[in-house]
Structure formats: structure tokens, C-alpha cells
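Chemist: What follows is protein-v3.cif; its format and atoms are mmCIF, C-alpha atoms.
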data_query
#
loop_
_atom_site.label_atom_id
_atom_site.label_comp_id
_atom_site.auth_asym_id
_atom_site.auth_seq_id
_atom_site.Cartn_x
_atom_site.Cartn_y
_atom_site.Cartn_z
CA MET A 1 -81.12 88.99 30.21
CA ARG A 2 -79.92 85.61 29.09
CA LYS A 3 -80.89 84.15 25.79
CA THR A 4 -83.37 81.29 25.86
CA PRO A 5 -81.96 77.83 25.00
CA ARG A 6 -81.54 77.06 21.33
CA THR A 7 -84.04 74.82 19.59
CA LYS A 8 -83.38 71.30 18.31
CA SER A 9 -83.36 72.59 14.72
CA TRP A 10 -80.62 75.06 15.62
CA LEU A 11 -78.56 72.23 17.09
CA SER A 12 -79.09 70.09 13.99
CA ALA A 13 -77.74 72.88 11.82
CA THR A 14 -74.84 73.67 14.10
CA LEU A 15 -73.48 70.23 14.99
CA PRO A 16 -71.99 69.54 11.52
CA ILE A 17 -70.17 72.87 11.73
CA LEU A 18 -68.84 72.00 15.17
CA PHE A 19 -67.61 68.65 13.85
CA VAL A 20 -65.66 70.42 11.10
CA LEU A 21 -64.19 72.83 13.66
CA LEU A 22 -63.14 69.93 15.86
CA ILE A 23 -61.31 68.30 12.95
CA THR A 24 -59.70 71.68 12.22
CA ARG A 25 -58.37 71.85 15.77
CA VAL A 26 -56.75 68.42 15.60
CA PHE A 27 -54.82 68.96 12.37
CA SER A 28 -53.91 72.67 12.49
CA GLN A 29 -50.30 72.60 13.72
CA ILE A 30 -47.43 74.83 12.51
CA PRO A 31 -46.66 73.86 8.89
CA ALA A 32 -43.07 72.92 8.11
CA GLY A 33 -41.13 75.98 6.97
CA TYR A 34 -43.87 78.43 7.96
CA TYR A 35 -41.43 80.84 9.61
CA ASP A 36 -38.45 80.25 7.32
CA PRO A 37 -38.73 83.74 5.70
CA ALA A 38 -38.16 85.28 9.16
CA ALA A 39 -34.99 83.34 9.93
CA GLY A 40 -31.96 85.44 10.84
CA LYS A 41 -33.86 88.75 10.95
CA THR A 42 -34.29 91.20 13.83
CA GLY A 43 -35.95 94.56 14.37
CA VAL A 44 -38.16 96.04 11.65
CA PRO A 45 -37.04 93.50 9.01
CA LEU A 46 -38.29 90.71 11.27
CA GLN A 47 -41.62 92.44 11.84
CA ALA A 48 -41.99 92.98 8.09
CA ALA A 49 -41.14 89.34 7.36
CA LEU A 50 -43.70 88.11 9.90
CA HIS A 51 -46.29 90.50 8.44
CA ASN A 52 -45.77 88.99 5.01
CA ILE A 53 -46.21 85.50 6.46
CA ILE A 54 -49.50 86.17 8.26
CA LYS A 55 -51.16 88.81 6.04
CA GLY A 56 -54.03 88.08 3.68
CA HIS A 57 -55.76 85.70 6.08
CA THR A 58 -59.09 84.03 5.40
CA VAL A 59 -61.73 86.35 6.84
CA ILE A 60 -64.28 84.96 9.26
CA SER A 61 -67.50 86.96 9.32
CA TYR A 62 -68.28 88.85 12.51
CA ALA A 63 -71.37 86.65 12.97
CA GLY A 64 -69.24 83.58 12.35
CA LEU A 65 -67.22 84.29 15.48
CA TRP A 66 -70.07 82.94 17.61
CA THR A 67 -69.64 79.48 16.09
CA ALA A 68 -65.84 79.68 16.01
CA TYR A 69 -65.75 80.24 19.77
CA TYR A 70 -67.10 76.73 20.35
CA THR A 71 -63.62 75.38 19.60
CA THR A 72 -61.29 78.37 19.99
CA ASP A 73 -62.46 79.37 23.45
CA ASP A 74 -63.93 76.33 25.17
CA LYS A 75 -62.72 75.32 28.63
CA PRO A 76 -61.98 71.67 29.45
CA ASN A 77 -65.46 71.46 31.01
CA GLY A 78 -67.08 72.69 27.78
CA LYS A 79 -67.96 76.14 29.12
CA VAL A 80 -66.98 79.47 27.54
CA TRP A 81 -63.39 80.48 28.36
CA ASP A 82 -63.93 84.11 29.33
CA MET A 83 -60.70 85.83 30.41
CA TYR A 84 -62.69 88.67 32.00
CA SER A 85 -64.51 86.36 34.43
CA ASP A 86 -62.35 83.26 34.80
CA VAL A 87 -60.56 82.47 38.06
CA PRO A 88 -58.01 79.75 37.22
CA ASN A 89 -57.57 76.73 39.44
CA GLY A 90 -54.65 77.08 41.82
CA THR A 91 -55.31 80.73 42.58
CA PRO A 92 -57.01 82.08 45.71
CA ASN A 93 -60.77 81.50 45.44
CA GLY A 94 -60.06 79.50 42.28
CA ASN A 95 -63.66 79.06 41.17
CA PRO A 96 -65.11 81.56 38.68
CA PRO A 97 -68.09 83.53 40.01
CA TYR A 98 -70.19 82.37 37.04
CA SER A 99 -69.79 80.50 33.77
CA PHE A 100 -71.42 80.62 30.36
CA THR A 101 -72.91 77.91 28.14
CA PHE A 102 -72.29 78.30 24.41
CA GLY A 103 -75.36 79.52 22.54
CA THR A 104 -77.68 79.52 25.54
CA ASP A 105 -75.90 82.45 27.25
CA GLN A 106 -74.96 84.39 24.14
CA CYS A 107 -75.79 88.14 24.35
CA GLY A 108 -78.45 89.58 24.04
CA ASN A 109 -79.13 92.17 26.62
CA TYR A 110 -77.34 92.42 29.93
CA SER A 111 -77.48 94.51 33.07
CA ALA A 112 -75.11 92.71 35.43
CA GLU A 113 -72.16 90.36 35.39
CA GLY A 114 -73.06 86.80 34.53
CA ASP A 115 -76.01 87.70 32.28
CA CYS A 116 -74.38 86.75 28.96
CA TYR A 117 -71.17 86.71 26.92
CA ASN A 118 -70.42 88.76 23.82
CA ARG A 119 -67.52 89.53 21.47
CA GLU A 120 -64.77 91.68 22.95
CA HIS A 121 -62.39 93.54 20.65
CA SER A 122 -59.35 93.48 22.93
CA TRP A 123 -57.88 96.01 20.47
CA PRO A 124 -60.95 98.29 20.48
CA LYS A 125 -62.58 98.70 17.09
CA SER A 126 -62.68 102.49 17.48
CA TRP A 127 -58.87 102.37 17.21
CA PHE A 128 -59.13 101.12 13.59
CA ASN A 129 -62.48 102.65 12.52
CA ASP A 130 -64.29 99.30 12.81
CA THR A 131 -63.16 98.29 9.32
CA SER A 132 -62.49 94.88 7.76
CA PRO A 133 -60.66 92.58 8.18
CA MET A 134 -59.66 93.83 11.63
CA ASN A 135 -63.22 93.96 12.94
CA SER A 136 -63.61 90.17 12.76
CA ASP A 137 -60.02 88.98 13.21
CA ILE A 138 -60.44 86.24 15.80
CA PHE A 139 -56.90 86.64 17.09
CA HIS A 140 -57.92 89.75 19.02
CA ILE A 141 -61.65 89.16 19.55
CA TYR A 142 -62.53 87.04 22.58
CA PRO A 143 -65.79 85.92 24.19
CA THR A 144 -66.21 87.90 27.40
CA ASP A 145 -68.87 88.82 29.91
CA GLY A 146 -71.06 91.54 28.44
CA LYS A 147 -71.05 93.76 31.53
CA VAL A 148 -67.27 93.62 31.99
CA ASN A 149 -66.78 94.21 28.27
CA GLY A 150 -68.98 97.29 28.55
CA MET A 151 -67.04 98.60 31.53
CA ARG A 152 -63.74 98.11 29.71
CA ASP A 153 -65.20 100.18 26.84
CA ASN A 154 -62.36 101.35 24.58
CA TYR A 155 -59.90 102.14 27.36
CA PRO A 156 -56.32 100.91 26.96
CA TYR A 157 -54.94 98.13 29.11
CA GLY A 158 -52.81 99.29 31.99
CA THR A 159 -52.06 98.90 35.68
CA VAL A 160 -54.42 100.15 38.39
CA THR A 161 -53.61 100.68 42.06
CA SER A 162 -56.82 102.35 43.25
CA PRO A 163 -59.68 101.01 41.09
CA THR A 164 -62.93 102.87 40.59
CA TRP A 165 -64.58 99.56 39.66
CA THR A 166 -63.56 95.90 40.10
CA SER A 167 -65.12 92.89 38.40
CA GLU A 168 -66.04 89.74 40.29
CA ASN A 169 -62.84 87.98 39.21
CA GLY A 170 -60.56 90.94 39.95
CA CYS A 171 -60.28 92.91 36.70
CA LYS A 172 -59.87 96.60 37.51
CA LEU A 173 -60.82 99.94 35.99
CA GLY A 174 -59.14 103.14 37.11
CA THR A 175 -56.28 105.60 36.70
CA CYS A 176 -53.18 104.15 35.10
CA THR A 177 -50.15 103.78 37.36
CA TRP A 178 -47.81 102.46 34.65
CA PRO A 179 -45.21 105.16 33.81
CA GLY A 180 -45.99 107.20 30.73
CA TYR A 181 -49.79 107.39 30.93
CA THR A 182 -52.21 108.68 33.58
CA GLY A 183 -55.59 108.21 31.91
CA THR A 184 -58.24 105.59 32.62
CA VAL A 185 -57.22 102.00 31.88
CA PHE A 186 -58.49 98.45 32.30
CA GLU A 187 -56.31 95.84 34.02
CA PRO A 188 -57.08 92.11 33.48
CA ILE A 189 -56.00 89.54 36.05
CA ASP A 190 -52.34 88.43 36.03
CA THR A 191 -53.08 85.01 34.53
CA TYR A 192 -54.12 86.50 31.17
CA LYS A 193 -51.86 89.54 30.86
CA GLY A 194 -49.44 87.70 28.60
CA ASP A 195 -52.34 86.53 26.40
CA PHE A 196 -53.37 90.13 25.74
CA ALA A 197 -49.76 91.28 25.28
CA ARG A 198 -49.13 88.67 22.57
CA THR A 199 -52.47 89.63 21.02
CA TYR A 200 -51.24 93.21 20.74
CA PHE A 201 -47.92 92.10 19.23
CA TYR A 202 -49.96 90.16 16.66
CA MET A 203 -52.05 93.22 15.78
CA SER A 204 -48.97 95.44 15.43
CA THR A 205 -47.45 92.89 13.06
CA ARG A 206 -50.47 91.62 11.12
CA TYR A 207 -51.49 95.20 10.26
CA TYR A 208 -48.00 96.65 9.95
CA THR A 209 -48.17 99.12 7.01
CA GLU A 210 -51.91 98.34 6.62
CA ASP A 211 -53.09 100.93 9.16
CA SER A 212 -53.66 103.98 6.98
CA GLY A 213 -56.49 106.02 8.47
CA TRP A 214 -56.51 104.28 11.84
CA PRO A 215 -57.43 106.91 14.46
CA GLY A 216 -55.17 105.31 17.07
CA SER A 217 -55.57 105.86 20.79
CA PRO A 218 -53.57 106.87 23.88
CA ALA A 219 -51.86 103.46 23.61
CA VAL A 220 -51.18 103.17 19.88
CA THR A 221 -50.25 105.16 16.80
CA GLY A 222 -51.90 103.34 13.93
CA SER A 223 -51.05 99.70 14.52
CA GLN A 224 -47.91 100.39 16.55
CA LEU A 225 -47.73 100.57 20.33
CA LYS A 226 -46.65 103.81 21.93
CA PRO A 227 -43.55 103.56 24.13
CA TRP A 228 -45.39 103.30 27.46
CA ALA A 229 -47.76 100.63 26.13
CA LEU A 230 -44.93 98.72 24.46
CA GLN A 231 -43.01 98.60 27.74
CA LEU A 232 -46.16 97.36 29.50
CA MET A 233 -46.87 94.64 26.96
CA LEU A 234 -43.26 93.44 26.95
CA HIS A 235 -43.43 93.26 30.74
CA TRP A 236 -46.73 91.34 30.69
CA SER A 237 -45.45 88.92 28.08
CA THR A 238 -42.49 88.14 30.34
CA ILE A 239 -44.34 87.67 33.63
CA ASP A 240 -47.08 85.56 32.00
CA PRO A 241 -45.44 83.12 29.54
CA VAL A 242 -47.29 81.31 26.76
CA SER A 243 -49.89 78.89 28.12
CA GLN A 244 -51.38 75.72 26.67
CA LYS A 245 -54.62 77.66 26.28
CA GLU A 246 -52.90 80.07 23.87
CA ILE A 247 -51.21 77.26 21.95
CA ASP A 248 -54.50 75.42 21.48
CA ARG A 249 -56.32 78.59 20.45
CA ASN A 250 -53.57 79.50 17.99
CA ASN A 251 -53.74 76.08 16.34
CA THR A 252 -57.52 76.15 16.10
CA ALA A 253 -57.67 79.72 14.76
CA TYR A 254 -55.07 78.78 12.14
CA GLY A 255 -57.47 76.14 10.82
CA MET A 256 -60.05 78.90 10.28
CA GLN A 257 -58.11 82.02 9.26
CA HIS A 258 -55.05 80.20 7.86
CA ASN A 259 -52.64 82.49 9.66
CA ARG A 260 -51.05 82.31 13.10
CA ASN A 261 -49.95 84.48 16.01
CA PRO A 262 -46.14 84.31 15.68
CA PHE A 263 -45.62 85.53 19.24
CA ILE A 264 -47.29 82.41 20.62
CA ASP A 265 -45.24 80.10 18.40
CA HIS A 266 -42.04 82.09 19.02
CA PRO A 267 -42.25 84.35 22.10
CA GLU A 268 -38.66 85.46 21.51
CA TYR A 269 -39.76 87.39 18.42
CA ALA A 270 -41.03 90.21 20.67
CA SER A 271 -37.60 91.05 22.07
CA GLN A 272 -35.98 90.45 18.69
CA ILE A 273 -38.24 93.09 17.11
CA TRP A 274 -38.54 95.67 19.87
CA GLY A 275 -35.40 94.94 21.89
CA ASN A 276 -32.99 97.23 20.02
CA PRO A 277 -30.15 97.77 20.68
CA VAL A 278 -29.70 95.06 23.33
CA GLY A 279 -31.94 92.08 22.58
CA MET A 280 -32.18 88.57 23.95
CA GLU A 281 -30.08 87.23 21.08
CA ASP A 282 -27.27 89.65 21.95
CA LEU A 283 -27.30 88.68 25.61
CA ASN A 284 -26.91 85.03 24.76
CA THR A 285 -23.44 85.83 23.40
CA LEU A 286 -22.25 87.43 26.65
CA ASN A 287 -20.06 85.19 28.71
CA TYR A 288 -21.28 85.37 32.32
CA GLN A 289 -24.61 85.65 34.11
CA LEU A 290 -25.18 88.24 36.86
CA VAL A 291 -27.43 87.68 39.85
CA ALA A 292 -29.86 90.59 40.36
CA TYR A 293 -32.47 90.68 43.14
CA PRO A 294 -35.24 91.25 44.01
CA ASN A 295 -36.60 90.72 40.55
CA PRO A 296 -39.08 92.27 39.77
CA ALA A 297 -38.02 95.31 41.82
CA SER A 298 -39.57 98.72 42.39
CA GLU A 299 -37.10 100.82 44.41
CA ARG A 300 -33.70 99.17 44.71
CA CYS A 301 -32.00 96.26 43.03
CA TYR A 302 -28.92 94.46 44.29
CA VAL A 303 -26.34 92.81 42.08
CA ASP A 304 -23.81 90.28 43.36
CA LEU A 305 -20.55 91.19 41.68
CA PRO A 306 -18.48 88.33 40.28
CA ALA A 307 -15.24 87.49 42.06
CA GLY A 308 -12.31 89.42 40.67
CA CYS A 309 -14.29 92.49 39.58
CA ILE A 310 -12.51 95.74 40.48
CA ALA A 311 -14.85 98.66 41.12
CA GLY A 312 -12.77 101.23 39.28
CA SER A 313 -12.52 99.15 36.12
CA MET A 314 -16.20 98.14 35.81
CA LYS A 315 -18.68 99.74 33.43
CA LEU A 316 -22.40 99.20 33.96
CA MET A 317 -24.89 99.72 31.14
CA VAL A 318 -28.66 99.59 31.76
CA VAL A 319 -30.82 99.47 28.63
CA SER A 320 -34.56 99.00 28.20
CA VAL A 321 -35.90 96.59 25.58
CA SER A 322 -36.96 99.60 23.49
CA GLY A 323 -33.37 100.88 23.44
CA MET A 324 -33.54 103.56 26.14
CA LYS A 325 -30.34 103.85 28.16
CA VAL A 326 -30.68 104.80 31.84
CA THR A 327 -28.10 105.61 34.48
CA PRO A 328 -29.29 104.65 37.96
CA ALA A 329 -27.38 105.86 41.03
CA CYS A 330 -25.14 103.04 42.25
CA SER A 331 -23.13 102.30 45.35
CA GLN A 332 -20.95 99.33 46.29
CA THR A 333 -20.55 97.53 49.59
CA GLY A 334 -18.16 94.60 49.43
CA ASN A 335 -19.19 92.46 46.47
CA THR A 336 -22.72 93.88 46.31
CA LEU A 337 -23.75 96.69 43.97
CA THR A 338 -26.88 98.63 44.97
CA MET A 339 -28.86 100.39 42.24
CA ASP A 340 -31.48 103.04 43.01
CA ILE A 341 -34.11 102.39 40.32
CA ARG A 342 -36.99 104.51 41.66
CA SER A 343 -36.74 107.03 38.80
CA MET A 344 -36.66 104.37 36.08
CA PRO A 345 -39.91 103.81 34.13
CA GLY A 346 -41.52 100.43 34.63
CA GLY A 347 -40.53 97.81 32.12
CA ILE A 348 -37.87 95.26 31.20
CA TYR A 349 -34.17 96.16 31.31
CA PHE A 350 -30.90 94.46 30.49
CA LEU A 351 -27.94 94.98 32.81
CA VAL A 352 -24.55 94.61 31.16
CA LEU A 353 -21.46 94.82 33.35
CA SER A 354 -18.10 95.01 31.60
CA GLY A 355 -14.80 94.61 33.39
CA GLU A 356 -11.31 93.24 33.06
CA SER A 357 -12.51 89.79 34.08
CA GLY A 358 -15.23 89.59 31.43
CA THR A 359 -18.72 90.75 30.47
CA TYR A 360 -21.73 89.87 32.62
CA HIS A 361 -25.44 90.28 32.09
CA ALA A 362 -28.86 90.04 33.77
CA LYS A 363 -32.44 90.87 32.97
CA LEU A 364 -34.36 93.11 35.39
CA VAL A 365 -38.10 93.78 35.53
CA LYS A 366 -38.85 97.22 37.04
CA GLU A 367 -42.34 97.38 38.56
#
Taking this structure as input, can you express it in the form of C-alpha cells?
Modeler:
Amino acid sequence: MRKTPRTKSWLSATLPILFVLLITRVFSQIPAGYYDPAAGKTGVPLQAALHNIIKGHTVISYAGLWTAYYTTDDKPNGKVWDMYSDVPNGTPNGNPPYSFTFGTDQCGNYSAEGDCYNREHSWPKSWFNDTSPMNSDIFHIYPTDGKVNGMRDNYPYGTVTSPTWTSENGCKLGTCTWPGYTGTVFEPIDTYKGDFARTYFYMSTRYYTEDSGWPGSPAVTGSQLKPWALQLMLHWSTIDPVSQKEIDRNNTAYGMQHNRNPFIDHPEYASQIWGNPVGMEDLNTLNYQLVAYPNPASERCYVDLPAGCIAGSMKLMVVSVSGMKVTPACSQTGNTLTMDIRSMPGGIYFLVLSGESGTYHAKLVKE
């Protein structure tokens, strides 16, 4: 059931705290030189450099998260920004089925959606033995509907085609259809997939080398994502770019924990760390852009060959962002190359076509 409204004395005690948090939000931008130690690095050295920048953060107590949410997770209308129940404007049926008022609707007991909101460890606490400082790190703990949080349980995130349960805003629980894992997973709505992906990149980097004794899960080994989960998160971070919501939350959380999520400030860090051997920075040096379509694709992808390319002299390389090389079956009709990608695992790939007339590239998302 929902909590009863707070008393006037509670408000008197809380308002000064909220004022301080508001001031924190306004002035907590990226400090000059914050990411200088990461400059010029890629791969593991970049991850290690970012870890050193954001480690040793100021710990918020688990109870203190309730108050922090007033400014880290408030919607423009002042309601709780719950990514498990929100339906953003501009989408079909763009009104959330319910909304929560800070304090008044704080869990508490619940039996159905809309009863109350609680604190969701998007990286489940059973994956790190519920130890500090991970168990109260606000960068991965969000206010969410209690019922949906309970249904998510400690299942990994994934993609679901035939859900066994669907929340009122469209989150799904069911068998994973993303290549590499077939267990039960939870799929948030598309609007917030990038948010959770960048949260996971943060966790893998903040706790890099600090994960001794973490039990892990089907999605992670210690603090590091397993290949199937890494491919999924890289895909989600691409299809759902950084939003103003994430930027605002990052700035506000920095004023409290005094560290930041680097993958919100610099989304390119993800491919620079996990994109070996062909990363975004390498592709920027190639001299021509290919046109690949449809994109994303699930069965076949077509590439318009540049004028002057001779079939016998061309070499096509297809590489995933985690460094896996694949060789799809290809055929050519006129200036169009057809690739059969049905056997390729889902994820993000770089196409590099080398020929006498130059080197060409494209990025492909395989669904």
C-alpha cells in the first residue's frame, strides 16, 4: 500500500536538504581537466585511466538515496522519474499509466503496479554480494515501481520476443532472444536502453579491479560484461544516444558523490575501450564512407559499391566491436553487394572494404 503523506515536521527537516541539493545541481558541471589523464588512451589503458579518475567517490548512505532522488530523478512536472513505468511524450500512448510523488509514494508495501516506488539496483546487488560502496552507488540505483522492480528480480537485461509478463509501460520479462544467452531476462522500453547500457559501462569501469569476491551472474564476470551482454549494451548505447535526462542526472550525482559517469560525458569511450581491433577512432582515418542498408538489419544487408571498385580486387572485412571477425556469404549484382548476415550474432559491426580505388567503411547494427 502507499505510504501516508509526510507530516509538516518532516517537510521542515527535509526542505533545507532539498535546497542544498538544488544548488548542487546548478553548479556540478564537468571540471576543467577532469578527463585529461584519459587523453590518447584506448582499450584497457583507457578503462584503467577512467577508473582512477572516478574511484574513491563520496559514499551516499543507502537511506540517503531517498532524499537524493528528489533532484537526481525528478521529472519536469516534479514527479518521480521512473524508467520502469514512464511512457515518454511523443511515443504511442505517451502518458504514463501512473506517477509517483516523492515521499508520499515511497515504499512501503506493494501488491500491484502503481502502489509505490523503491530503490532498484539496475546492477543487481546479488552480483556483488550487496557490499559497500556498490550497494548505495547512485549511478546504478534508480527509483522504480516496486512491483516492476520485484518482477525484474536479479535477472539480466536482454531482449524478449515472447514475454511471460509485461508491465503497464511495456517492459518485458521472458526468455532472452539476444544471441549468446537463452535464460530469463528483463527488457526495458527502448527509450531507456541506452541509459542502462551506460550505467553498466560505468559499473565495469568504476569497479574495475575492485571486484574480488563478486559472484557475478549470467551477464557478468566480476565487474566485466560477458561477450553477449557487452554486445547487447554496445548496441543499446548506439540506438539510444545520451539524453538530457542523463546529462542532468550525471551533473547532479557528481555534486553528491564527486565522481561522474564518463560514458555520459564521452559516449565514444565505450567503443574506444571495447572496440578492439577496429574502433571508432580507427574508422575516422579511413578515406571513404560506404552506404549499407537496411540498418539495423536482421537477415540481409546491401552495400552500394563505390564507382570504380572491381569485384576481383576488393577485400571485405567485417569485425564486431569486441574484435570478432566474421565472414558473411556475399554476392554482387551490378554495383550492389548483398551480405547474408543471418548467422551473425546480434551486435554492432564495422564493414571495411579495401580496393584499388581506396578504403571504405560503414557501421552495421545486426538485430
Chemist: Could you give me, as number ranges by chain, the residues within 8 Å of Pro328 of chain A, counting all atoms listed in the file and dropping anything in the same chain fewer than 5 positions from it?
Modeler: A: 339-341, 343-344
Chemist: Work out how far atom CA of Leu225 of chain A is from atom CA of Gly174 of chain A, in Å to one decimal.
Modeler: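 Separation between atom CA of Gly174 of chain A and atom CA of Leu225 of chain A: 20.5 Å.
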Chemist: Translate the PyMOL selection byres ((chain A and resi 264) around 7), as applied to the file shown, into an explicit residue set as a list in words.
Modeler: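 Listing what the PyMOL selection byres ((chain A and resi 264) around 7) selects in the shown file: Arg198, Val242, Glu246, Ile247, Asn261, Pro262, Phe263, Asp265, His266 and Pro267 of chain A.
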Chemist: What does the PyMOL selection byres ((chain A and resi 42) around 10) select in this file, as a PyMOL selection string?
Modeler: chain A and resi 38-41+43-49+269-276+279+281
Chemist: Considering only C-alpha atoms, can you say which of A:Gln332, A:Asn118, A:Asn95, A:Ser298 comes closest to Ala63 of chain A?
Modeler: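 Closest candidate: A:Asn118.
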Chemist: Enumerate, as an MDAnalysis selection string, the protein, DNA and RNA residues whose atoms approach (-57.9, 96.5, 21.0) to within 9 Å, taking into account only C-alpha atoms and the coordinate frame of the file.
Modeler: chainID A and resid 120:128 140:141 154:157 199:200 203
Chemist: May I ask which of the residues A:His235, A:Arg119, A:Lys75, A:Arg300 is the closest one to Gly158 of chain A, counting all atoms listed in the file?
Modeler: A:His235
Chemist: Could you list, as a list of chain:residue names, every residue matched by the PyMOL selection byres ((chain A and resi 241) around 10) in this structure?
Modeler: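 Matching residues under the PyMOL selection byres ((chain A and resi 241) around 10) are A:Thr191, A:Tyr192, A:Lys193, A:Gly194, A:Asp195, A:Arg198, A:Trp236, A:Ser237, A:Thr238, A:Ile239, A:Asp240, A:Val242, A:Ser243, A:Gln244, A:Glu246, A:Ile264, A:Pro267.
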Chemist: Residues of the last selection are to be written out with C-alpha atoms, as a PDB file, in the coordinates of the input.
Modeler:
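Okay, again_25.pdb is ready:
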ATOM      1  CA  THR A 191     -53.080  85.010  34.530  1.00  0.00           C
ATOM      2  CA  TYR A 192     -54.120  86.500  31.170  1.00  0.00           C
ATOM      3  CA  LYS A 193     -51.860  89.540  30.860  1.00  0.00           C
ATOM      4  CA  GLY A 194     -49.440  87.700  28.600  1.00  0.00           C
ATOM      5  CA  ASP A 195     -52.340  86.530  26.400  1.00  0.00           C
ATOM      6  CA  ARG A 198     -49.130  88.670  22.570  1.00  0.00           C
ATOM      7  CA  TRP A 236     -46.730  91.340  30.690  1.00  0.00           C
ATOM      8  CA  SER A 237     -45.450  88.920  28.080  1.00  0.00           C
ATOM      9  CA  THR A 238     -42.490  88.140  30.340  1.00  0.00           C
ATOM     10  CA  ILE A 239     -44.340  87.670  33.630  1.00  0.00           C
ATOM     11  CA  ASP A 240     -47.080  85.560  32.000  1.00  0.00           C
ATOM     12  CA  VAL A 242     -47.290  81.310  26.760  1.00  0.00           C
ATOM     13  CA  SER A 243     -49.890  78.890  28.120  1.00  0.00           C
ATOM     14  CA  GLN A 244     -51.380  75.720  26.670  1.00  0.00           C
ATOM     15  CA  GLU A 246     -52.900  80.070  23.870  1.00  0.00           C
ATOM     16  CA  ILE A 264     -47.290  82.410  20.620  1.00  0.00           C
ATOM     17  CA  PRO A 267     -42.250  84.350  22.100  1.00  0.00           C
TER      18      PRO A 267
END
Chemist: Name the residues in contact with Tyr181 of chain A at a cut-off of 9 Å, using all atoms listed in the file, excluding same-chain residues fewer than 5 positions from it; report them as a ChimeraX atom specification.
Modeler: /A:158,175-176,218-219,228-229
Chemist: How many Å separate atom CA of Tyr98 of chain A from atom CA of Asp248 of chain A?
Modeler: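 If I compute the distance from atom CA of Tyr98 of chain A to atom CA of Asp248 of chain A, I get 23.2 Å.
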Chemist: Counting all atoms listed in the file, which residues sit no farther than 9 Å from the position (-73.2, 82.9, 34.6) in the file's frame? I'd like them as a ChimeraX atom specification.
Modeler: /A:97-101,105,113-117,145
Chemist: Please save C-alpha atoms of the selected residues as a PDB file, keeping the file's coordinate frame.
Modeler:
ATOM      1  CA  PRO A  97     -68.090  83.530  40.010  1.00  0.00           C
ATOM      2  CA  TYR A  98     -70.190  82.370  37.040  1.00  0.00           C
ATOM      3  CA  SER A  99     -69.790  80.500  33.770  1.00  0.00           C
ATOM      4  CA  PHE A 100     -71.420  80.620  30.360  1.00  0.00           C
ATOM      5  CA  THR A 101     -72.910  77.910  28.140  1.00  0.00           C
ATOM      6  CA  ASP A 105     -75.900  82.450  27.250  1.00  0.00           C
ATOM      7  CA  GLU A 113     -72.160  90.360  35.390  1.00  0.00           C
ATOM      8  CA  GLY A 114     -73.060  86.800  34.530  1.00  0.00           C
ATOM      9  CA  ASP A 115     -76.010  87.700  32.280  1.00  0.00           C
ATOM     10  CA  CYS A 116     -74.380  86.750  28.960  1.00  0.00           C
ATOM     11  CA  TYR A 117     -71.170  86.710  26.920  1.00  0.00           C
ATOM     12  CA  ASP A 145     -68.870  88.820  29.910  1.00  0.00           C
TER      13      ASP A 145
END
Chemist: What is the distance between atom CA of Gly180 of chain A and atom CA of Pro345 of chain A, in Å to one decimal?
Modeler: 7.7 Å
Chemist: Here is a test: counting all atoms listed in the file, which residue of A:Leu230, A:Leu364, A:Val352, A:Val291 is nearest to Leu316 of chain A?
Modeler: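 Of A:Leu230, A:Leu364, A:Val352, A:Val291, the one nearest Leu316 of chain A, counting all atoms listed in the file, is A:Val352.
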